[in-house]
>>> print(open('protein_15.cif').read())   # mmCIF, C-alpha atoms
data_protein
loop_
_atom_site.label_atom_id
_atom_site.label_comp_id
_atom_site.auth_asym_id
_atom_site.auth_seq_id
_atom_site.Cartn_x
_atom_site.Cartn_y
_atom_site.Cartn_z
CA MET H 137 75.87 103.08 97.23
CA THR H 138 79.23 104.66 96.35
CA LYS H 139 82.37 104.82 98.44
CA LEU H 140 82.56 108.61 98.26
CA SER H 141 78.98 108.97 99.50
CA LEU H 142 79.29 106.54 102.41
CA VAL H 143 79.14 108.33 105.76
CA ILE H 144 79.10 105.45 108.19
CA ILE H 145 81.95 104.99 110.68
CA TYR H 146 82.28 103.64 114.16
CA PHE H 147 82.99 106.47 116.64
CA PHE H 148 81.04 105.33 119.69
CA VAL H 149 79.64 102.01 120.86
CA GLY H 150 77.40 101.96 117.75
CA ILE H 151 77.75 103.35 114.22
CA SER H 152 78.29 107.06 113.56
CA LEU H 153 78.94 109.07 110.41
CA LEU H 154 81.90 108.61 108.07
CA SER H 155 82.46 111.70 105.95
CA SER H 156 84.36 109.90 103.22
CA CYS H 157 86.17 106.62 102.84
CA ARG H 158 88.56 108.42 100.47
CA ASN H 159 89.75 111.14 102.84
CA ASN H 160 91.78 108.66 104.84
CA THR H 161 94.59 109.26 107.30
CA LYS H 162 97.24 106.66 106.50
CA ASN H 163 99.53 105.40 109.24
CA ILE H 164 102.66 104.47 107.26
CA ASP H 165 106.18 105.35 108.24
CA THR H 166 107.73 107.62 105.58
CA SER H 167 111.25 108.05 106.90
CA LYS H 168 113.70 108.78 104.07
CA SER H 169 116.67 106.61 103.14
CA ASP H 170 119.15 106.81 100.27
CA SER H 171 120.15 103.16 100.59
CA ILE H 172 119.61 100.71 97.75
CA ALA H 173 116.37 98.75 97.73
CA ILE H 174 117.83 95.27 98.09
CA ASN H 175 120.16 94.04 100.79
CA HIS H 176 121.25 90.46 100.14
CA ASN H 177 122.51 89.96 103.69
CA ILE H 178 119.06 90.18 105.24
CA ASN H 179 117.93 87.20 107.24
CA ILE H 180 114.27 86.48 106.57
CA ILE H 181 112.16 86.05 109.70
CA GLN H 182 111.85 82.38 110.61
CA GLU H 183 109.45 82.45 113.57
CA ASP H 184 106.36 80.46 112.59
CA SER H 185 104.21 82.79 114.69
CA LEU H 186 104.93 85.64 112.28
CA LYS H 187 104.05 83.66 109.16
CA THR H 188 100.62 84.19 107.68
CA LYS H 189 98.44 81.29 106.66
CA LEU H 190 96.43 81.48 103.48
CA PRO H 191 93.90 82.61 102.37
CA ILE H 192 94.40 86.37 102.77
CA GLY H 193 91.63 88.83 101.93
CA LYS H 194 87.89 89.33 102.20
CA LYS H 195 86.06 86.43 100.57
CA GLU H 196 83.14 88.77 99.79
CA LEU H 197 85.42 90.37 97.21
CA LEU H 198 84.88 87.28 95.05
CA LEU H 199 81.07 87.52 94.96
CA ASN H 200 79.76 87.30 91.40
CA ASN H 201 76.99 89.79 92.21
CA ILE H 202 79.10 92.11 94.36
CA ASN H 203 77.74 95.31 92.78
CA SER H 204 74.15 94.46 93.61
CA GLU H 205 75.16 93.24 97.07
CA ILE H 206 76.79 96.53 98.07
CA THR H 207 73.71 98.36 96.81
CA LYS H 208 71.54 96.29 99.14
CA ASN H 209 74.00 96.29 102.03
CA SER H 210 75.81 99.62 102.48
CA SER H 211 77.98 98.31 105.32
CA LEU H 212 79.51 95.60 103.10
CA LEU H 213 81.57 98.11 101.13
CA ILE H 214 82.89 99.66 104.33
CA GLU H 215 83.85 96.28 105.75
CA ILE H 216 85.75 95.35 102.59
CA PHE H 217 87.79 98.56 102.60
CA LYS H 218 88.43 98.39 106.34
CA TYR H 219 90.03 94.97 105.92
CA TYR H 220 92.76 96.27 103.60
CA ASP H 221 93.75 99.70 104.85
CA THR H 222 93.36 102.57 107.27
CA ILE H 223 89.98 104.31 107.29
CA ASN H 224 89.81 107.76 108.95
CA GLY H 225 92.77 107.02 111.17
CA ILE H 226 91.59 103.55 112.22
CA ALA H 227 94.27 101.16 110.98
CA SER H 228 93.40 97.71 109.70
CA PRO H 229 94.53 95.03 112.17
CA ASN H 230 95.08 92.61 109.28
CA PHE H 231 98.34 94.15 108.07
CA PRO H 232 100.40 95.16 111.11
CA ILE H 233 103.95 96.26 110.43
CA ILE H 234 106.44 93.55 111.39
CA LYS H 235 109.09 95.40 113.34
CA ASN H 236 112.41 94.39 111.83
CA GLN H 237 114.84 97.18 110.99
CA ARG H 238 116.70 95.22 108.33
CA LEU H 239 113.62 93.96 106.50
CA ASN H 240 112.04 97.38 106.63
CA SER H 241 115.08 98.74 104.78
CA PHE H 242 114.84 96.09 102.10
CA TYR H 243 112.25 96.86 99.43
CA LYS H 244 111.35 99.72 97.13
CA PRO H 245 109.15 99.20 94.04
CA GLU H 246 110.77 98.79 90.66
CA ILE H 247 109.30 96.15 88.37
CA SER H 248 105.89 96.27 90.10
CA ASP H 249 105.22 99.82 88.88
CA SER H 250 105.14 98.93 85.20
CA LYS H 251 104.09 95.28 85.28
CA GLU H 252 100.45 96.21 84.63
CA LEU H 253 100.22 99.12 82.21
CA LYS H 254 96.76 100.15 83.42
CA ASP H 255 98.16 100.65 86.95
CA SER H 256 101.27 102.64 86.03
CA PHE H 257 99.64 106.07 86.34
CA PHE H 258 98.44 105.32 89.87
CA LEU H 259 101.66 103.69 91.08
CA LYS H 260 104.68 105.57 89.77
CA SER H 261 105.92 108.00 92.36
CA GLU H 262 106.80 111.60 91.51
CA LYS H 263 109.55 111.80 94.15
CA GLY H 264 110.78 108.25 94.38
CA TYR H 265 110.10 105.95 97.29
CA ASP H 266 110.78 105.47 100.94
CA PHE H 267 111.47 101.90 101.97
CA PHE H 268 108.29 99.86 102.24
CA LYS H 269 107.34 98.13 105.50
CA LEU H 270 106.97 94.38 105.80
CA VAL H 271 103.42 93.39 106.76
CA LYS H 272 103.18 89.71 105.76
CA GLU H 273 105.42 86.68 105.35
CA ILE H 274 103.67 83.84 103.56
CA PRO H 275 105.08 80.30 103.82
CA TYR H 276 105.86 78.87 100.39
CA SER H 277 108.83 76.49 100.05
CA ARG H 278 112.36 75.97 101.32
CA ASN H 279 113.80 77.72 98.29
CA LYS H 280 111.42 80.67 98.08
CA THR H 281 109.89 83.25 100.35
CA ILE H 282 106.82 85.37 99.69
CA LEU H 283 106.54 88.76 101.40
CA ILE H 284 103.97 91.56 101.29
CA PHE H 285 105.29 95.10 101.73
CA GLU H 286 103.25 98.23 102.38
CA GLY H 287 104.12 101.79 101.42
CA LYS H 288 102.95 104.71 99.35
CA SER H 289 103.40 106.45 96.02
CA SER H 290 103.28 110.22 95.53
CA ASN H 291 101.37 111.74 92.62
CA LEU H 292 100.21 115.17 91.49
CA ASP H 293 96.52 115.98 91.22
CA TYR H 294 94.98 118.16 88.50
CA ASP H 295 95.96 121.34 90.38
CA GLY H 296 99.56 120.23 90.85
CA ASN H 297 99.14 119.32 94.51
CA MET H 298 100.90 116.27 95.90
CA ILE H 299 98.67 113.36 96.85
CA PHE H 300 99.72 110.06 98.38
CA THR H 301 98.49 106.62 97.39
CA ASN H 302 98.71 103.73 99.82
CA ARG H 303 99.76 100.46 98.23
CA LYS H 304 100.84 96.88 98.91
CA ASP H 305 103.25 94.84 96.77
CA ILE H 306 103.85 91.09 96.84
CA VAL H 307 107.46 89.99 96.39
CA VAL H 308 108.89 86.51 95.67
CA LEU H 309 112.50 85.85 96.77
CA ASP H 310 114.79 82.93 95.98
CA LYS H 311 116.99 81.18 98.54
CA ASN H 312 119.73 83.78 97.99
CA LEU H 313 117.25 86.59 98.66
CA ASN H 314 117.18 87.78 95.06
CA ILE H 315 113.85 89.16 93.92
CA MET H 316 112.42 86.66 91.45
CA ASP H 317 109.25 88.64 90.78
CA ALA H 318 107.10 91.36 92.30
CA THR H 319 103.76 92.94 91.54
CA ASN H 320 101.32 95.38 93.07
CA ILE H 321 98.20 93.85 94.63
CA TYR H 322 96.60 96.87 96.34
CA TYR H 323 96.38 100.62 95.99
CA ASP H 324 93.89 103.27 97.05
CA TYR H 325 94.00 106.31 94.76
CA SER H 326 91.85 109.44 94.93
CA ASP H 327 92.46 112.89 93.46
CA GLY H 328 89.14 114.38 94.57
CA ILE H 329 87.55 113.79 91.17
CA TYR H 330 88.34 110.19 90.35
CA ALA H 331 88.89 107.33 92.77
CA LYS H 332 90.16 103.83 92.13
CA THR H 333 91.03 101.03 94.53
CA LYS H 334 92.75 97.76 93.67
CA LEU H 335 91.90 94.87 95.98
CA PHE H 336 93.15 91.30 96.29
CA PHE H 337 92.40 87.84 97.63
CA ILE H 338 95.14 85.17 97.87
CA ASP H 339 93.79 81.62 97.91
CA ASN H 340 95.26 78.49 99.48
CA ASP H 341 96.85 77.49 96.16
CA TYR H 342 98.66 80.85 95.80
CA THR H 343 96.16 82.15 93.26
CA ILE H 344 95.83 85.94 93.49
CA SER H 345 92.42 87.36 92.57
CA ILE H 346 92.39 91.08 91.74
CA ARG H 347 89.34 93.31 91.58
CA TYR H 348 89.08 97.07 91.06
CA TYR H 349 86.57 99.47 92.56
CA SER H 350 86.26 102.85 90.86
CA GLU H 351 84.02 105.91 90.96
CA ASN H 352 83.84 109.31 89.33
CA GLU H 353 82.72 112.78 90.41
CA GLU H 354 79.13 111.99 89.44
CA GLY H 355 79.11 109.26 92.05
CA GLN H 356 79.01 106.39 89.57
CA ALA H 357 80.75 103.43 91.17
CA ILE H 358 81.34 99.85 90.19
CA PHE H 359 83.47 96.80 90.90
CA SER H 360 85.31 95.33 87.92
CA GLY H 361 85.42 91.67 87.02
CA ILE H 362 88.01 89.41 88.62
CA GLU H 363 91.52 89.01 87.23
CA LYS H 364 93.57 86.04 88.40
CA TYR H 365 97.31 85.47 88.79
CA LYS H 366 99.33 82.49 89.94
CA ILE H 367 102.61 82.27 91.85
CA THR H 368 104.40 79.45 90.06
CA GLU H 369 106.96 76.97 91.34
CA GLU H 370 109.54 78.98 89.38
CA GLY H 371 108.74 82.03 91.50
CA LYS H 372 106.99 84.02 88.78
CA ILE H 373 103.65 85.81 89.05
CA VAL H 374 101.71 85.07 85.86
CA GLY H 375 98.22 85.87 84.65
CA ILE H 376 95.61 83.14 84.36
CA PRO H 377 93.33 83.39 81.28
CA ASN H 378 89.67 83.87 82.14
#
>>> encode(input="protein_15.cif", output="structure tokens")
Amino acid sequence: MTKLSLVIIYFFVGISLLSSCRNNTKNIDTSKSDSIAINHNINIIQEDSLKTKLPIGKKELLLNNINSEITKNSSLLIEIFKYYDTINGIASPNFPIIKNQRLNSFYKPEISDSKELKDSFFLKSEKGYDFFKLVKEIPYSRNKTILIFEGKSSNLDYDGNMIFTNRKDIVVLDKNLNIMDATNIYYDYSDGIYAKTKLFFIDNDYTISIRYYSENEEGQAIFSGIEKYKITEEGKIVGIPN
């Protein structure tokens, strides 16, 4: 079962048809700003109620036999994608925007676009970026803060039309609110011919597991193997050898 061919969505009390998981309506604020990406006078949110406990993500993403499981259970793929992003106008409740004007004028991607060469094509924006919205604050240590920001990149398809790619970046800050490291952990790209989604799971020990789901115009679809990264005590995000 491929993502493009799935047609299941909840419209009524039961399950109705979903035309395509790729033709999504994304609910992300895209208001323009010419300000710089980093404001060192921002006060990070301190309310414990707004801090997210680990783990974060769908544990099914880590299944060794995930490709065979989604073949047997068509709803599993839908449930995974619904956890991370908006599907046909129905926003995921797992990443609500934290309403804070200062924090939501804080981050635009820079180092995260080119950190993984294989992701650069899908991430780099043709027209620059709007400020990303804060959706998670993860407790880490007194000297460091971990935040997840959500936004979008703009790309051109094969016909020169602008398409938008939803994404989430994880950012590590030091006690002076300098960015120590940042990387992309989620994007959902589709140009009508090729589709690729990057998904993540963050464990209790701050290990980030990354898995890709891709499909082509022939409907061939597959999950990749798992890549793992670690947030170190030094505030860096480093790969873990398999």
>>> resolve_selection(input="protein_15.cif", expression="the PyMOL selection byres ((chain H and resi 300-306) around 6)", output="ChimeraX atom specification")
/H:283-290,299,307,318-325
>>> closest_residue(input="protein_15.cif", among="H:Val271, H:Ile362, H:Leu259, H:Ile376", to="Phe337 of chain H", atoms="only C-alpha atoms")
H:Ile362
>>> closest_residue(input="protein_15.cif", among="H:Lys272, H:Lys260, H:Lys254, H:Lys208", to="Ile234 of chain H", atoms="all atoms listed in the file")
H:Lys272
>>> atom_distance(input="protein_15.cif", atom1="atom CA of Glu363 of chain H", atom2="atom CA of Asn378 of chain H")
7.5 Å
>>> residues_around(input="protein_15.cif", residues="Asp295 of chain H", least_positions_apart="6", cutoff="12 Å", atoms="all atoms listed in the file", output="ChimeraX atom specification")
/H:327-329
